[in-house]
Each structure stands twice: as C-alpha cells, then as structure tokens.
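Colleague: Sharing a structure below in structure tokens format, with a few things to ask.
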Amino acid sequence: MRILRLIDTDSFAVEFHPYITVVADASDERRRMVVEAFERAAIGQTTRLQGLIEVHGVVLDLDDRALALLELDDSEIEISVVAADLPGSTPGGVGRQVREAERRLEALEQPHRNRLLALGDAEAQLETALAA
C-alpha cells in the first residue's frame, strides 16, 4: 500500500512522491496529523484525514472499507521518519522556530524599506521641481 494523497478538507492537502516526501513549513499540528495518518493506515485504521491509496496499481479511497480489504495486522509499527530520527536534526523544532522568526523579522522590516523607497521618490521629485 502506498498513500498518494492526504486531505484535511478544512485546511490542507498533501500529494506524496512515490519514494520520499519531506513535509516542510507545516505547523506541528499538521505534521502530527500526517504522521498519525501514515501510522494508523499501516495498521488498518483511518483518521479524520481523507485521502487516496494505491494497492498493486489500484487506486482506492483511504477509508475503513478499503483498509479492511487489505486485512492489515493491527500491531504497532514505526513507518515514518521524523526530524528527531535524522543525524544532525535540531531537537524541538528549533530550525522551524528560526525560520518563523526570520519571516517575522522580514515582515517587520518591510514597512521601513517601503518608507525608504517613498522617501527616495519624494527626494527625486523635489530635485526635479527645484531644477525646473
């Protein structure tokens, strides 16, 4: 079984690559929902996410009926690699926190850049008016 797509009808959809997919810039809640959907599907259970799965070339909805056809064992297995599993990863989402802080800083600096551009335009107009 391969999960092709997961959809939360309220907020997001994720299409998965056949070999590896990196879910980046997702909130902790979205990331948790995606990992949980994979882990539960592997043991034949669904979550609130909708989706599509592919089994031996046949595409099915990710629902209880399709998973029941697969007769999956409900023993727990780890099927998802998360950041903490990778060497050199930052614990506790520090990397994501840094990226979010950088985005906030960029948003705070943008009005200053806009004012500088407006000031430059005003100075150019003043020079033109004085030269005339």
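Identifiers for the structure tokens are assigned positionally: chains receive A, B, ... in sequence, residues are indexed from 1 per chain, and ligands are indexed from 1 in the order shown.
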Would you pick out the contacts of A:Asp61 at 9 Å or less, using only C-alpha atoms, so that residues sharing its chain but fewer than 4 positions from it are not included, and give the list as a list in words?

Modeller: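 Residues near the query, excluding close chain neighbours: Gln50, Gly51, Leu52, Ile53, Glu54, Arg65 and Ala66 of chain A.
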
Colleague: Would you list, as an NGL selection string, the residues of chain A that end up in alpha helix (DSSP H) under DSSP run on this structure's backbone?

Modeller: :A and (28-42 or 64-70 or 94-131)

Colleague: Just write the chosen residues, C-alpha atoms, as a PDB file, in the first residue's frame.

Modeller:
ATOM      1  CA  ASP A  28       3.298  20.996  14.420  1.00  0.00           C
ATOM      2  CA  GLU A  29      -0.395  20.038  14.313  1.00  0.00           C
ATOM      3  CA  ARG A  30      -0.399  19.414  10.547  1.00  0.00           C
ATOM      4  CA  ARG A  31       2.817  17.440  10.757  1.00  0.00           C
ATOM      5  CA  ARG A  32       1.375  15.348  13.612  1.00  0.00           C
ATOM      6  CA  MET A  33      -1.805  14.715  11.582  1.00  0.00           C
ATOM      7  CA  VAL A  34       0.184  13.493   8.560  1.00  0.00           C
ATOM      8  CA  VAL A  35       2.412  11.182  10.623  1.00  0.00           C
ATOM      9  CA  GLU A  36      -0.610   9.831  12.504  1.00  0.00           C
ATOM     10  CA  ALA A  37      -2.450   9.131   9.228  1.00  0.00           C
ATOM     11  CA  PHE A  38       0.502   7.086   7.951  1.00  0.00           C
ATOM     12  CA  GLU A  39       0.945   5.175  11.186  1.00  0.00           C
ATOM     13  CA  ARG A  40      -2.758   4.378  11.517  1.00  0.00           C
ATOM     14  CA  ALA A  41      -3.133   3.392   7.846  1.00  0.00           C
ATOM     15  CA  ALA A  42      -0.282   0.901   8.280  1.00  0.00           C
ATOM     16  CA  ASP A  64     -12.299   1.883   6.508  1.00  0.00           C
ATOM     17  CA  ARG A  65     -13.712  -0.242   3.659  1.00  0.00           C
ATOM     18  CA  ALA A  66     -10.520  -0.114   1.583  1.00  0.00           C
ATOM     19  CA  LEU A  67      -8.279  -0.758   4.585  1.00  0.00           C
ATOM     20  CA  ALA A  68     -10.461  -3.708   5.630  1.00  0.00           C
ATOM     21  CA  LEU A  69      -9.855  -5.287   2.209  1.00  0.00           C
ATOM     22  CA  LEU A  70      -6.120  -5.252   2.933  1.00  0.00           C
ATOM     23  CA  VAL A  94      14.443  24.832  16.671  1.00  0.00           C
ATOM     24  CA  GLY A  95      15.118  25.074  12.937  1.00  0.00           C
ATOM     25  CA  ARG A  96      11.450  25.721  12.250  1.00  0.00           C
ATOM     26  CA  GLN A  97      11.360  28.321  15.047  1.00  0.00           C
ATOM     27  CA  VAL A  98      14.344  30.115  13.498  1.00  0.00           C
ATOM     28  CA  ARG A  99      12.654  30.165  10.065  1.00  0.00           C
ATOM     29  CA  GLU A 100       9.449  31.543  11.629  1.00  0.00           C
ATOM     30  CA  ALA A 101      11.450  34.240  13.466  1.00  0.00           C
ATOM     31  CA  GLU A 102      13.209  35.175  10.211  1.00  0.00           C
ATOM     32  CA  ARG A 103       9.835  35.505   8.455  1.00  0.00           C
ATOM     33  CA  ARG A 104       8.504  37.710  11.274  1.00  0.00           C
ATOM     34  CA  LEU A 105      11.626  39.883  11.123  1.00  0.00           C
ATOM     35  CA  GLU A 106      11.249  40.235   7.349  1.00  0.00           C
ATOM     36  CA  ALA A 107       7.629  41.335   7.835  1.00  0.00           C
ATOM     37  CA  LEU A 108       8.706  43.909  10.430  1.00  0.00           C
ATOM     38  CA  GLU A 109      11.463  45.313   8.175  1.00  0.00           C
ATOM     39  CA  GLN A 110       9.265  45.629   5.061  1.00  0.00           C
ATOM     40  CA  PRO A 111       7.463  48.851   6.144  1.00  0.00           C
ATOM     41  CA  HIS A 112      10.867  50.502   6.762  1.00  0.00           C
ATOM     42  CA  ARG A 113      12.023  49.529   3.249  1.00  0.00           C
ATOM     43  CA  ASN A 114       8.756  50.884   1.820  1.00  0.00           C
ATOM     44  CA  ARG A 115       9.295  54.206   3.612  1.00  0.00           C
ATOM     45  CA  LEU A 116      12.861  54.442   2.287  1.00  0.00           C
ATOM     46  CA  LEU A 117      11.599  53.884  -1.278  1.00  0.00           C
ATOM     47  CA  ALA A 118       8.903  56.536  -0.812  1.00  0.00           C
ATOM     48  CA  LEU A 119      11.498  58.950   0.606  1.00  0.00           C
ATOM     49  CA  GLY A 120      13.789  58.332  -2.365  1.00  0.00           C
ATOM     50  CA  ASP A 121      10.907  59.025  -4.773  1.00  0.00           C
ATOM     51  CA  ALA A 122       9.998  62.224  -2.893  1.00  0.00           C
ATOM     52  CA  GLU A 123      13.627  63.432  -2.989  1.00  0.00           C
ATOM     53  CA  ALA A 124      13.813  62.755  -6.724  1.00  0.00           C
ATOM     54  CA  GLN A 125      10.590  64.726  -7.288  1.00  0.00           C
ATOM     55  CA  LEU A 126      11.956  67.592  -5.166  1.00  0.00           C
ATOM     56  CA  GLU A 127      15.172  67.702  -7.177  1.00  0.00           C
ATOM     57  CA  THR A 128      13.180  67.728 -10.398  1.00  0.00           C
ATOM     58  CA  ALA A 129      10.962  70.558  -9.095  1.00  0.00           C
ATOM     59  CA  LEU A 130      13.956  72.619  -7.929  1.00  0.00           C
ATOM     60  CA  ALA A 131      15.743  72.135 -11.238  1.00  0.00           C
TER      61      ALA A 131
END

Colleague: Which one is closest to A:Arg2: A:Thr47, A:Gly57, A:Glu71, A:Asp63? Count only C-alpha atoms.

Modeller: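 Among the listed residues, the smallest separation from A:Arg2 belongs to A:Gly57.
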
Colleague: In Å, with one decimal, what is the gap from atom CA of A:Met1 to atom CA of A:Val58?

Modeller: 9.6 Å

Colleague: Nearest to A:Tyr19 among A:Arg48, A:Leu60, A:Ile3, A:Asp74, with distances taken over only C-alpha atoms: which residue is it?

Modeller: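 Among the listed residues, the smallest separation from A:Tyr19 belongs to A:Ile3.
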
Colleague: Can you list, as a list of chain:residue names, all residues belonging to chain A that DSSP tags as strand (DSSP E)?

Modeller: A:Arg2, A:Ile3, A:Leu4, A:Arg5, A:Leu6, A:Ile7, A:Asp8, A:Phe12, A:Ala13, A:Val14, A:Glu15, A:Gln50, A:Gly51, A:Leu52, A:Ile53, A:Glu54, A:Val55, A:Val58, A:Val59, A:Leu60, A:Asp61

Colleague: In Å, rounded to a single decimal, give me how far atom CA of A:Val22 is from atom CA of A:Leu62.

Modeller: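 Atom CA of A:Val22 lies at a distance of 20.5 Å from atom CA of A:Leu62.
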
Colleague: Which of these, A:Val55, A:Leu49, A:Ala84, A:Ala132, has the shortest distance to A:Val14 once you count only C-alpha atoms?

Modeller: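 Closest candidate: A:Leu49.
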